[in-house]
Structures are given as structure tokens and as C-alpha cells.
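Undergrad: Handing over structure_19.txt, compact mmCIF, C-alpha atoms.
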# COMPACT_ATOMS: atom_id res chain seq x y z
CA MET A 27 177.16 122.70 5.15
CA ASP A 28 179.69 123.66 7.81
CA GLU A 29 182.75 123.96 5.57
CA ILE A 30 182.80 126.73 2.99
CA TYR A 31 185.31 126.04 0.24
CA ASP A 32 187.23 128.80 -1.46
CA LEU A 33 186.75 126.99 -4.75
CA ILE A 34 184.74 124.06 -6.02
CA ILE A 35 185.85 122.65 -9.36
CA ILE A 36 183.22 120.66 -11.24
CA GLY A 37 184.89 118.21 -13.58
CA ALA A 38 188.26 116.49 -13.32
CA GLY A 39 189.55 116.45 -16.86
CA THR A 40 192.77 118.24 -17.74
CA ALA A 41 191.25 121.69 -17.14
CA GLY A 42 189.80 120.72 -13.77
CA LEU A 43 192.93 118.98 -12.50
CA VAL A 44 195.20 121.87 -13.48
CA THR A 45 192.75 124.30 -11.86
CA ALA A 46 192.99 122.28 -8.64
CA GLN A 47 196.77 122.26 -8.69
CA TYR A 48 197.09 126.01 -9.26
CA ALA A 49 194.33 126.82 -6.78
CA CYS A 50 196.03 124.92 -3.97
CA ARG A 51 199.36 126.50 -4.83
CA SER A 52 197.55 129.82 -4.28
CA ASN A 53 196.56 128.55 -0.84
CA LEU A 54 192.88 128.10 -1.73
CA ASN A 55 190.79 125.43 -0.06
CA ALA A 56 189.74 123.59 -3.23
CA LEU A 57 187.47 120.63 -3.88
CA VAL A 58 187.16 118.75 -7.17
CA ILE A 59 183.91 116.94 -7.93
CA GLU A 60 183.89 114.28 -10.65
CA GLU A 61 181.04 111.99 -11.63
CA LYS A 62 183.08 109.36 -13.46
CA MET A 63 186.86 109.00 -13.75
CA GLU A 64 189.47 111.68 -13.18
CA GLY A 65 191.19 112.61 -16.41
CA GLY A 66 188.17 112.97 -18.67
CA GLN A 67 188.66 112.30 -22.37
CA ALA A 68 192.43 112.22 -21.92
CA THR A 69 192.12 108.74 -20.39
CA LEU A 70 190.90 107.42 -23.75
CA ILE A 71 194.06 108.47 -25.63
CA PRO A 72 196.22 105.40 -26.36
CA LEU A 73 199.40 107.41 -26.98
CA LEU A 74 199.68 111.11 -26.15
CA GLU A 75 202.61 112.48 -28.13
CA ASN A 76 201.99 116.23 -28.46
CA TYR A 77 201.86 117.42 -24.84
CA PRO A 78 204.88 119.57 -23.88
CA GLY A 79 207.40 117.87 -21.65
CA PHE A 80 206.71 114.31 -22.81
CA PRO A 81 209.14 113.54 -25.66
CA GLU A 82 208.22 109.87 -25.30
CA PRO A 83 204.49 109.21 -25.85
CA ILE A 84 202.49 108.51 -22.71
CA ASP A 85 199.12 106.83 -22.47
CA GLY A 86 196.26 109.10 -21.45
CA PHE A 87 195.37 107.14 -18.32
CA THR A 88 198.87 107.48 -16.88
CA PHE A 89 198.95 111.15 -17.87
CA ALA A 90 195.70 111.77 -15.96
CA GLU A 91 196.95 109.84 -12.94
CA LYS A 92 200.05 112.03 -12.77
CA MET A 93 197.96 115.21 -12.96
CA LYS A 94 195.68 114.06 -10.14
CA LEU A 95 198.68 113.08 -8.01
CA GLN A 96 200.12 116.57 -8.43
CA ALA A 97 196.82 118.15 -7.39
CA VAL A 98 196.59 115.90 -4.31
CA GLN A 99 200.18 116.63 -3.34
CA PHE A 100 199.39 120.34 -3.37
CA GLY A 101 196.39 119.75 -1.10
CA SER A 102 193.36 119.41 -3.35
CA LYS A 103 190.43 117.34 -2.14
CA PHE A 104 188.30 115.09 -4.35
CA LEU A 105 184.68 114.00 -4.15
CA SER A 106 182.99 111.41 -6.35
CA GLY A 107 179.44 112.28 -7.35
CA LYS A 108 177.16 113.88 -9.91
CA VAL A 109 176.50 117.61 -9.55
CA THR A 110 172.75 118.03 -9.98
CA GLY A 111 172.37 121.69 -9.04
CA LEU A 112 174.34 124.91 -8.94
CA GLY A 113 172.99 128.13 -7.47
CA LYS A 114 174.18 131.38 -5.97
CA LYS A 115 172.89 133.43 -3.06
CA LYS A 116 174.67 136.69 -2.27
CA HIS A 117 178.39 135.84 -2.27
CA LEU A 118 178.16 132.06 -1.93
CA PHE A 119 177.51 129.29 -4.42
CA SER A 120 175.61 126.17 -3.42
CA VAL A 121 176.47 122.91 -5.17
CA SER A 122 174.18 119.87 -4.90
CA VAL A 123 175.91 116.51 -5.35
CA GLU A 124 174.23 113.15 -5.82
CA LYS A 125 176.47 110.47 -4.35
CA SER A 126 176.70 106.76 -5.13
CA ASP A 127 174.26 105.87 -2.33
CA ASP A 128 171.67 108.24 -3.91
CA SER A 129 172.01 110.72 -1.05
CA ILE A 130 172.26 114.44 -1.84
CA GLN A 131 175.03 116.52 -0.32
CA THR A 132 174.95 120.31 -0.52
CA LEU A 133 178.24 122.17 -0.46
CA GLU A 134 179.09 125.88 -0.39
CA ALA A 135 181.91 127.76 -2.07
CA LYS A 136 183.05 131.31 -2.65
CA THR A 137 183.86 130.56 -6.31
CA VAL A 138 183.19 127.79 -8.79
CA VAL A 139 185.05 126.65 -11.89
CA LEU A 140 183.06 124.66 -14.41
CA ALA A 141 185.33 122.20 -16.22
CA THR A 142 182.74 119.72 -17.44
CA GLY A 143 184.00 119.67 -21.02
CA ALA A 144 182.16 118.80 -24.19
CA ALA A 145 181.14 115.47 -25.65
CA HIS A 146 181.96 114.47 -29.21
CA ARG A 147 178.86 113.53 -31.15
CA GLN A 148 179.05 109.93 -32.25
CA LEU A 149 177.70 108.11 -35.27
CA GLY A 150 176.57 105.07 -33.30
CA ILE A 151 177.61 102.63 -36.01
CA PRO A 152 179.30 99.22 -35.78
CA GLY A 153 183.06 99.51 -35.29
CA GLU A 154 183.08 103.10 -34.04
CA PHE A 155 183.71 102.14 -30.42
CA GLU A 156 185.72 99.01 -31.19
CA PHE A 157 188.28 100.85 -33.29
CA TYR A 158 188.53 104.05 -31.23
CA GLY A 159 192.25 104.67 -30.80
CA LYS A 160 192.97 102.05 -33.47
CA GLY A 161 192.19 104.24 -36.45
CA VAL A 162 189.04 106.02 -35.29
CA SER A 163 189.53 109.50 -33.84
CA TYR A 164 187.55 112.66 -33.12
CA CYS A 165 190.53 115.02 -33.23
CA ALA A 166 192.57 115.58 -36.39
CA ASN A 167 195.03 117.91 -34.68
CA CYS A 168 195.70 115.29 -32.03
CA ASP A 169 196.00 112.15 -34.12
CA GLY A 170 196.43 113.25 -37.72
CA PRO A 171 200.25 113.06 -37.69
CA LEU A 172 199.99 109.35 -36.83
CA PHE A 173 198.61 108.72 -40.32
CA ARG A 174 201.03 110.67 -42.46
CA ASN A 175 200.93 109.57 -46.12
CA LYS A 176 197.95 107.27 -45.41
CA HIS A 177 194.38 107.30 -46.73
CA ILE A 178 192.33 109.32 -44.25
CA VAL A 179 188.55 109.60 -44.20
CA ILE A 180 186.68 112.50 -42.57
CA ILE A 181 182.99 112.20 -41.79
CA GLY A 182 181.15 115.52 -41.64
CA GLY A 183 180.35 118.62 -43.65
CA GLY A 184 180.63 121.63 -41.36
CA ASP A 185 183.38 124.14 -40.69
CA ALA A 186 185.27 121.77 -38.40
CA ALA A 187 185.27 118.93 -40.94
CA CYS A 188 186.54 121.20 -43.73
CA ASP A 189 189.18 122.76 -41.48
CA GLU A 190 190.39 119.33 -40.44
CA ALA A 191 190.46 118.15 -44.04
CA GLY A 192 192.72 121.08 -44.92
CA PHE A 193 195.02 120.27 -42.01
CA LEU A 194 195.19 116.59 -42.92
CA ALA A 195 195.82 117.40 -46.59
CA HIS A 196 199.21 118.76 -45.49
CA LEU A 197 200.03 115.30 -44.12
CA THR A 198 198.78 113.14 -46.97
CA ASP A 199 197.49 113.46 -50.51
CA ARG A 200 194.64 111.01 -49.86
CA VAL A 201 191.88 112.65 -47.83
CA THR A 202 188.26 111.67 -48.43
CA ILE A 203 185.35 113.61 -46.95
CA ILE A 204 182.04 111.81 -46.66
CA HIS A 205 178.95 113.95 -46.13
CA ARG A 206 175.30 112.92 -46.08
CA LYS A 207 174.04 116.10 -47.80
CA HIS A 208 174.56 117.28 -51.36
CA THR A 209 176.55 120.32 -50.25
CA PHE A 210 178.73 121.39 -47.31
CA ARG A 211 177.30 123.16 -44.28
CA ALA A 212 180.59 125.02 -43.90
CA GLN A 213 181.06 128.68 -44.69
CA ARG A 214 181.13 129.29 -48.42
CA ALA A 215 184.77 130.35 -48.65
CA LEU A 216 185.90 127.38 -46.59
CA ALA A 217 183.75 124.97 -48.59
CA GLU A 218 185.10 126.27 -51.89
CA ARG A 219 188.70 126.02 -50.67
CA THR A 220 188.07 122.44 -49.60
CA LEU A 221 186.55 121.47 -52.96
CA LYS A 222 189.50 122.99 -54.83
CA ASN A 223 192.15 121.17 -52.81
CA PRO A 224 193.65 118.49 -55.09
CA HIS A 225 194.43 116.24 -52.12
CA ILE A 226 190.82 116.13 -50.94
CA HIS A 227 188.16 113.95 -52.55
CA VAL A 228 184.54 114.58 -51.54
CA ARG A 229 181.68 112.09 -51.57
CA PHE A 230 178.35 113.83 -51.08
CA ASN A 231 174.99 112.13 -50.46
CA SER A 232 176.78 109.34 -48.64
CA VAL A 233 176.85 107.91 -45.14
CA VAL A 234 179.19 105.53 -43.38
CA THR A 235 177.25 102.57 -42.00
CA ALA A 236 180.12 100.53 -40.53
CA ILE A 237 183.79 100.76 -39.66
CA ASN A 238 185.66 97.55 -40.36
CA GLY A 239 188.97 96.08 -39.30
CA SER A 240 191.02 92.99 -38.71
CA LYS A 241 193.84 91.67 -36.56
CA ASN A 242 197.40 92.01 -37.75
CA GLU A 243 200.16 89.43 -37.40
CA ASN A 244 200.69 90.49 -33.77
CA GLY A 245 197.05 89.97 -32.91
CA HIS A 246 196.30 93.71 -32.62
CA GLU A 247 193.08 95.08 -34.09
CA LYS A 248 193.43 97.65 -36.83
CA LEU A 249 190.94 99.65 -38.89
CA THR A 250 191.07 98.63 -42.55
CA SER A 251 187.95 99.95 -44.28
CA ILE A 252 184.54 101.57 -44.04
CA THR A 253 181.17 100.67 -45.52
CA VAL A 254 179.70 103.61 -47.46
CA GLU A 255 176.07 103.82 -48.55
CA ASN A 256 174.50 106.22 -51.04
CA VAL A 257 171.54 107.94 -49.37
CA HIS A 258 169.51 108.01 -52.59
CA THR A 259 170.13 104.62 -54.15
CA GLY A 260 171.02 102.59 -51.07
CA ALA A 261 174.01 101.16 -52.93
CA ALA A 262 176.79 100.15 -50.53
CA GLU A 263 180.49 99.58 -51.04
CA GLU A 264 183.54 98.91 -48.92
CA VAL A 265 186.24 101.58 -49.08
CA ALA A 266 189.74 100.80 -47.87
CA CYS A 267 191.31 103.40 -45.57
CA ASP A 268 193.75 103.74 -42.69
CA ALA A 269 191.98 106.23 -40.41
CA VAL A 270 188.55 107.73 -39.85
CA PHE A 271 188.09 111.14 -38.24
CA ILE A 272 184.52 111.79 -37.10
CA SER A 273 183.72 115.50 -37.18
CA ILE A 274 179.98 115.91 -36.72
CA GLY A 275 180.07 118.36 -33.83
CA MET A 276 180.33 118.51 -30.07
CA ASP A 277 177.84 119.12 -27.28
CA PRO A 278 179.20 121.37 -24.51
CA ARG A 279 178.17 120.27 -21.03
CA THR A 280 176.88 123.60 -19.81
CA GLU A 281 173.53 122.62 -18.28
CA LEU A 282 174.70 123.68 -14.80
CA ALA A 283 175.20 127.24 -16.06
CA ALA A 284 171.77 127.76 -17.60
CA LEU A 285 171.78 131.51 -16.89
CA ALA A 286 175.33 132.23 -18.10
CA ARG A 287 175.95 133.75 -21.54
CA LYS A 288 176.62 131.28 -24.34
CA ASP A 289 177.41 131.50 -28.02
CA GLU A 290 175.21 130.20 -30.83
CA ALA A 291 176.62 126.69 -30.44
CA GLY A 292 175.94 126.64 -26.69
CA TYR A 293 179.50 127.15 -25.45
CA LEU A 294 180.08 129.35 -22.40
CA ILE A 295 181.38 132.82 -23.19
CA THR A 296 184.18 133.98 -20.90
CA ASP A 297 186.64 136.82 -20.82
CA GLU A 298 190.40 136.28 -20.93
CA ASN A 299 190.32 135.55 -17.18
CA MET A 300 187.89 132.63 -17.70
CA GLN A 301 185.13 134.66 -15.99
CA THR A 302 181.60 133.88 -17.18
CA SER A 303 178.75 136.39 -17.15
CA ILE A 304 177.98 135.28 -13.56
CA PRO A 305 180.41 136.86 -11.06
CA GLY A 306 182.50 134.24 -9.30
CA LEU A 307 181.66 131.52 -11.82
CA PHE A 308 184.55 130.61 -14.10
CA ALA A 309 184.86 128.11 -16.94
CA ALA A 310 187.87 126.19 -18.20
CA GLY A 311 188.38 123.68 -20.98
CA ASP A 312 186.27 122.44 -23.83
CA LEU A 313 182.95 123.91 -22.67
CA ARG A 314 184.33 127.41 -23.32
CA ALA A 315 183.78 129.27 -26.58
CA LYS A 316 187.29 129.25 -28.07
CA PRO A 317 188.93 128.48 -31.42
CA PHE A 318 191.23 125.60 -30.41
CA ARG A 319 190.54 122.66 -28.10
CA GLN A 320 193.55 120.63 -26.99
CA LEU A 321 194.82 119.26 -23.69
CA VAL A 322 197.44 122.01 -23.58
CA THR A 323 194.85 124.77 -24.01
CA ALA A 324 192.63 123.15 -21.37
CA ALA A 325 195.59 123.19 -18.99
CA ALA A 326 196.19 126.88 -19.70
CA ASP A 327 192.51 127.62 -19.06
CA GLY A 328 192.73 125.84 -15.71
CA ALA A 329 195.78 127.77 -14.55
CA ILE A 330 194.15 131.09 -15.48
CA ALA A 331 190.82 130.14 -13.88
CA ALA A 332 192.51 129.28 -10.58
CA ARG A 333 194.41 132.56 -10.51
CA SER A 334 191.24 134.48 -11.39
CA ALA A 335 189.26 132.73 -8.65
CA ALA A 336 191.92 133.69 -6.10
CA GLU A 337 191.82 137.32 -7.25
CA TYR A 338 188.01 137.35 -7.14
CA ILE A 339 188.03 136.13 -3.53
CA ASP A 340 190.59 138.76 -2.53
CA ILE A 341 188.67 141.59 -4.14
CA HIS A 342 185.01 140.66 -3.71
CA ILE A 343 184.95 138.35 -0.69
CA ARG A 344 187.78 139.37 1.58
CA GLY A 345 187.67 142.98 0.48
CA THR A 346 191.42 143.25 0.16
Here is a file; write its structure as C-alpha cells.

TA:
Amino acid sequence: MDEIYDLIIIGAGTAGLVTAQYACRSNLNALVIEEKMEGGQATLIPLLENYPGFPEPIDGFTFAEKMKLQAVQFGSKFLSGKVTGLGKKKHLFSVSVEKSDDSIQTLEAKTVVLATGAAHRQLGIPGEFEFYGKGVSYCANCDGPLFRNKHIVIIGGGDAACDEAGFLAHLTDRVTIIHRKHTFRAQRALAERTLKNPHIHVRFNSVVTAINGSKNENGHEKLTSITVENVHTGAAEEVACDAVFISIGMDPRTELAALARKDEAGYLITDENMQTSIPGLFAAGDLRAKPFRQLVTAAADGAIAARSAAEYIDIHIRGT
């Protein structure tokens, strides 16, 4: 534990990579720790078409590679491993990292930015993984415009599902919501607005048991239908559609910040500077409590978190 970093960034999705870039531009000694692959969920996007500065769509893997390259060029360091512990003693954080050889490395830093994101809840049904990016999506704002004037299915019954249905209903007049209960879980006003929308058809007491597809003339797989089952009768039918948006919630990855303040859904609460309730611990990206989760908002979070970390060090560590 000889080297003390100015900043350790846990997570190398968009928020983490932008944090690293801005931190090093502020002359901070920054380290990024990532358990899996740099880029996070962005790497799973087949064609990214709504990020500023890319008029031609770019695949998510290439996008993530470019972000990491920028961070490295500015001087950021990277470490592969799983963070198993995060603690604080006086003015220093300790970060325990389990490496690929099962050894544990303990690092110290003056500040930490959590950018571990949130995981989309999955249905776990046949076809969900196979047709991800080929008609299956977890983000209506991201991918909805790709299916303009098509038949779109949304699975879910909470606020997010109803909000997304309303958004998609501006793009097509054929939106179907499938929900396993007999009524929405969404707020009453939102539920009523959804039910009154002439472009939205709702199927209650129903579950999707399979997502089906076929290969087109070019040999590419494409989603073509879903299998829907009535929860009471067990009757099943195949419903033709062009896209399926799964909106059954997300699980923020906040276990490393057990003592930090969270909202009712478990997301970390920060101020406008990305500061959590623990001094020197910042959060950026999808694990934050915020109304809109996109790559561009994750990038903004990262830039602000890096600046805030630099200011925190100046004020509370260096005493300047």
C-alpha cells in the first residue's frame, strides 16, 4: 500500500471512463478498477445512434474502446479485478481488490467514485438473450426510434413501463403492454393516462414465455413474435411483433456503499456535485438516483464527479 491514489474509480462503463479522463486532465493520479470489460452495458449496443458527435451510428464496443483510449492517453491507469471491500479511515479510503489469481490487493485513495451501474432485471425466457439487439431491448429511449411505425411490445406494469409506452406511442400506433397482474403497479394518474391512450393496447393477467424469431434472406436473425400465456387459464398464443422492450426494473449495484444514503429503490442519493452522504465518496452513472439514464447523462455525471473529487482534495486533503 505504498502508492496513495488521488482517485480510485470503481467501474469502467461510460461514467467511469469519463471520470477517468476528466480526473487526469485535472492532474489527479487516477486508477480505474473493472471486474469485467471496459465499457459496461454500452458494449452490448449494436448501433449507437443518439450520442452527440456521432452522426453515423457506431457500435458500442468501438465506442467504449475509444473512451478508454482517451482516458489512457490522458494518463489514467487500469486494474482488472473485483472490488470486494470499500472502507474509510480518517481521510483515506481503502479498496480491496480480488484479482484473477485469487489474491487480494488493498489500495488507498483520497477519493473514490462509484460507477458500478445498475443491472436490468431479465425475464430469463427463451429468446431473450438470443434476440438482444435484434428486437429485444431494455431501453425505449435508446432503441424506440429504430421501430417507428412497427408493432412494439412492452413487458412490465410499473411507472417505467407506462412511461415508455407513452414515449413509444408517439412513434407508432401499435404498442402492446403485457403485464402479469390484473392492474398496473404504476402511479394512478400515469396508469389511467396509459389506459386511455388509443395507441396502447394492454393485456393484463398475461406473461411472455418465449421470444421467437427467424433468419431473413440475408441470414440475419430477427425477432418476429412472442409467446403469451394467460396466468389463469394457461392458454398460450403466438403474437406477431417487431420489438420487445423489457421494463421490469433495475437493480443498482450499490453494495459497496452500504452506509451511504439511498432512495426507496436502492439508488445512491447524491447532490448536484455527485457527492454521496459519505464525504469523499462520489457516484456517477446508473447507480445514482436520477430521472433519466442514458450514456450521455452518465458521461455528464463522470465529468462532474471528477471535478468534484479534485475540489474535495484541494479543500479537505491539501487544505488549499

Undergrad: Would you please work out which residue, of A:Asn256, A:Ser106, A:Asn238, A:Thr302, is nearest to Arg206 in chain A when using all atoms listed in the file?

TA: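 Of the candidates, the smallest distance to Arg206 in chain A is held by A:Asn256.
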
Undergrad: Using only C-alpha atoms, which of A:Ala38, A:Val179, A:Ala141, A:Ala90 sits nearest Val234 in chain A?

TA: A:Val179

Undergrad: Taking into account only C-alpha atoms, which residue in the set A:Gly101, A:Gly275, A:Gly292, A:Gly328 is nearest to Leu313 in chain A?

TA: A:Gly292

Undergrad: Could you check how far CA of Ala336 in chain A sits from CA of Gln67 in chain A, in Å to one decimal?

TA: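 According to the coordinates, CA of Ala336 in chain A and CA of Gln67 in chain A are separated by 27.1 Å.
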
Undergrad: Do you know which residues are at most 6 Å from range 168-174 of chain A counting only C-alpha atoms, after dropping those on the same chain fewer than 2 positions away, and could you put them as a list of chain:residue names?

TA: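 Here the qualifying residues turn out to be A:Cys165, A:Ala166, A:Lys176, A:Leu197, A:Thr198.
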
Undergrad: Counting only C-alpha atoms, which residues sit no farther than 10 Å from the position (189.5, 121.0, -24.3) in the file's frame? I'd like them as a ChimeraX atom specification.

TA: /A:39-41,66-68,141-144,310-314,316,318-325,327

Undergrad: Find the residues near Ala335 in chain A: any atom within 10 Å, counting only C-alpha atoms, skip ones fewer than 6 places away on the same chain, and give them as a ChimeraX atom specification.

TA: /A:32-33,45,49,52,54,136-139,299-301,306-308,341

Undergrad: When distances are computed from all atoms listed in the file, which of A:Leu73, A:Ala291, A:Ala186, A:Ile36 shows the smallest separation from Ala309 in chain A?

TA: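 Among the listed residues, A:Ile36 lies closest to Ala309 in chain A.
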
Undergrad: Write out as a PyMOL selection string the residues lying within 12 Å of His227 in chain A, counting all atoms listed in the file and excluding same-chain residues fewer than 5 positions away.

TA: chain A and resi 177-180+188+191-192+195+199-205+220-222

Undergrad: Distance CA of Ala97 in chain A-CA of Leu43 in chain A, one decimal place?

TA: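 Interatomic distance here is 6.5 Å.
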
Undergrad: Between A:Pro224, A:Gly150, A:Gly79, A:Pro305, which one has atoms that come closest to Ile274 in chain A, using all atoms listed in the file?

TA: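 Ranked by minimum distance to Ile274 in chain A, first place goes to A:Gly150.
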
Undergrad: Can you pull out the residues contacting Ala284 in chain A? Cut-off 10 Å, using all atoms listed in the file, and skip same-chain residues under 4 positions away; I want them as a ChimeraX atom specification.

TA: /A:112,280,288,294

Undergrad: Those same residues - C-alpha atoms - I'd like them written as a short mmCIF file (atom, residue, chain, number, x, y, z; two decimals), in the frame of the given file.

TA:
data_model
loop_
_atom_site.label_atom_id
_atom_site.label_comp_id
_atom_site.auth_asym_id
_atom_site.auth_seq_id
_atom_site.Cartn_x
_atom_site.Cartn_y
_atom_site.Cartn_z
CA LEU A 112 174.34 124.91 -8.94
CA THR A 280 176.88 123.60 -19.81
CA LYS A 288 176.62 131.28 -24.34
CA LEU A 294 180.08 129.35 -22.40
#

Undergrad: Complete range 57-68 of chain A with all heavy atoms (output as a compact mmCIF listing (two decimals), in the coordinates of the input).

TA:
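Writing done, so here's part.txt:
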# COMPACT_ATOMS: atom_id res chain seq x y z
N LEU A 57 188.07 121.96 -3.77
CA LEU A 57 187.47 120.63 -3.88
C LEU A 57 187.13 120.36 -5.33
O LEU A 57 186.53 121.21 -6.01
CB LEU A 57 186.18 120.55 -3.04
CG LEU A 57 185.35 119.27 -3.20
CD1 LEU A 57 186.07 118.08 -2.56
CD2 LEU A 57 183.96 119.44 -2.59
N VAL A 58 187.48 119.18 -5.81
CA VAL A 58 187.16 118.75 -7.17
C VAL A 58 186.05 117.70 -7.09
O VAL A 58 186.16 116.73 -6.34
CB VAL A 58 188.38 118.15 -7.89
CG1 VAL A 58 188.02 117.76 -9.32
CG2 VAL A 58 189.56 119.11 -7.88
N ILE A 59 185.01 117.90 -7.88
CA ILE A 59 183.91 116.94 -7.93
C ILE A 59 183.87 116.32 -9.32
O ILE A 59 183.81 117.03 -10.32
CB ILE A 59 182.55 117.60 -7.62
CG1 ILE A 59 182.61 118.32 -6.27
CG2 ILE A 59 181.44 116.56 -7.62
CD1 ILE A 59 181.36 119.14 -5.98
N GLU A 60 183.91 114.99 -9.37
CA GLU A 60 183.89 114.28 -10.65
C GLU A 60 182.92 113.12 -10.58
O GLU A 60 182.92 112.35 -9.63
CB GLU A 60 185.29 113.77 -11.00
CG GLU A 60 185.37 112.87 -12.21
CD GLU A 60 184.81 113.48 -13.48
OE1 GLU A 60 185.20 114.62 -13.82
OE2 GLU A 60 183.97 112.83 -14.13
N GLU A 61 182.07 113.03 -11.60
CA GLU A 61 181.04 111.99 -11.63
C GLU A 61 181.62 110.63 -12.02
O GLU A 61 181.22 109.60 -11.49
CB GLU A 61 179.95 112.37 -12.63
CG GLU A 61 178.86 111.34 -12.78
CD GLU A 61 177.84 111.73 -13.84
OE1 GLU A 61 177.98 112.81 -14.45
OE2 GLU A 61 176.90 110.94 -14.05
N LYS A 62 182.58 110.63 -12.93
CA LYS A 62 183.08 109.36 -13.46
C LYS A 62 184.54 109.14 -13.05
O LYS A 62 184.83 108.90 -11.90
CB LYS A 62 182.91 109.34 -14.97
CG LYS A 62 181.43 109.41 -15.39
CD LYS A 62 181.28 109.45 -16.90
CE LYS A 62 179.79 109.55 -17.28
NZ LYS A 62 179.60 109.65 -18.74
N MET A 63 185.44 109.26 -14.02
CA MET A 63 186.86 109.00 -13.75
C MET A 63 187.67 110.26 -13.95
O MET A 63 187.47 111.00 -14.92
CB MET A 63 187.38 107.91 -14.69
CG MET A 63 188.86 107.59 -14.52
SD MET A 63 189.46 106.44 -15.80
CE MET A 63 188.50 104.99 -15.41
N GLU A 64 188.59 110.52 -13.02
CA GLU A 64 189.47 111.68 -13.18
C GLU A 64 190.29 111.52 -14.46
O GLU A 64 190.78 110.45 -14.78
CB GLU A 64 190.41 111.82 -11.98
CG GLU A 64 189.76 112.29 -10.71
CD GLU A 64 189.16 111.16 -9.89
OE1 GLU A 64 189.29 110.00 -10.33
OE2 GLU A 64 188.57 111.43 -8.82
N GLY A 65 190.42 112.63 -15.18
CA GLY A 65 191.19 112.61 -16.41
C GLY A 65 190.36 112.91 -17.64
O GLY A 65 190.87 113.36 -18.66
N GLY A 66 189.05 112.66 -17.56
CA GLY A 66 188.17 112.97 -18.67
C GLY A 66 188.55 112.24 -19.94
O GLY A 66 188.97 111.08 -19.92
N GLN A 67 188.41 112.93 -21.08
CA GLN A 67 188.66 112.30 -22.37
C GLN A 67 190.13 111.95 -22.57
O GLN A 67 190.45 111.12 -23.42
CB GLN A 67 188.18 113.22 -23.49
CG GLN A 67 186.67 113.39 -23.52
CD GLN A 67 186.21 114.19 -24.73
OE1 GLN A 67 186.85 114.19 -25.77
NE2 GLN A 67 185.08 114.87 -24.59
N ALA A 68 191.01 112.54 -21.79
CA ALA A 68 192.43 112.22 -21.92
C ALA A 68 192.69 110.75 -21.63
O ALA A 68 193.61 110.14 -22.20
CB ALA A 68 193.26 113.08 -20.98
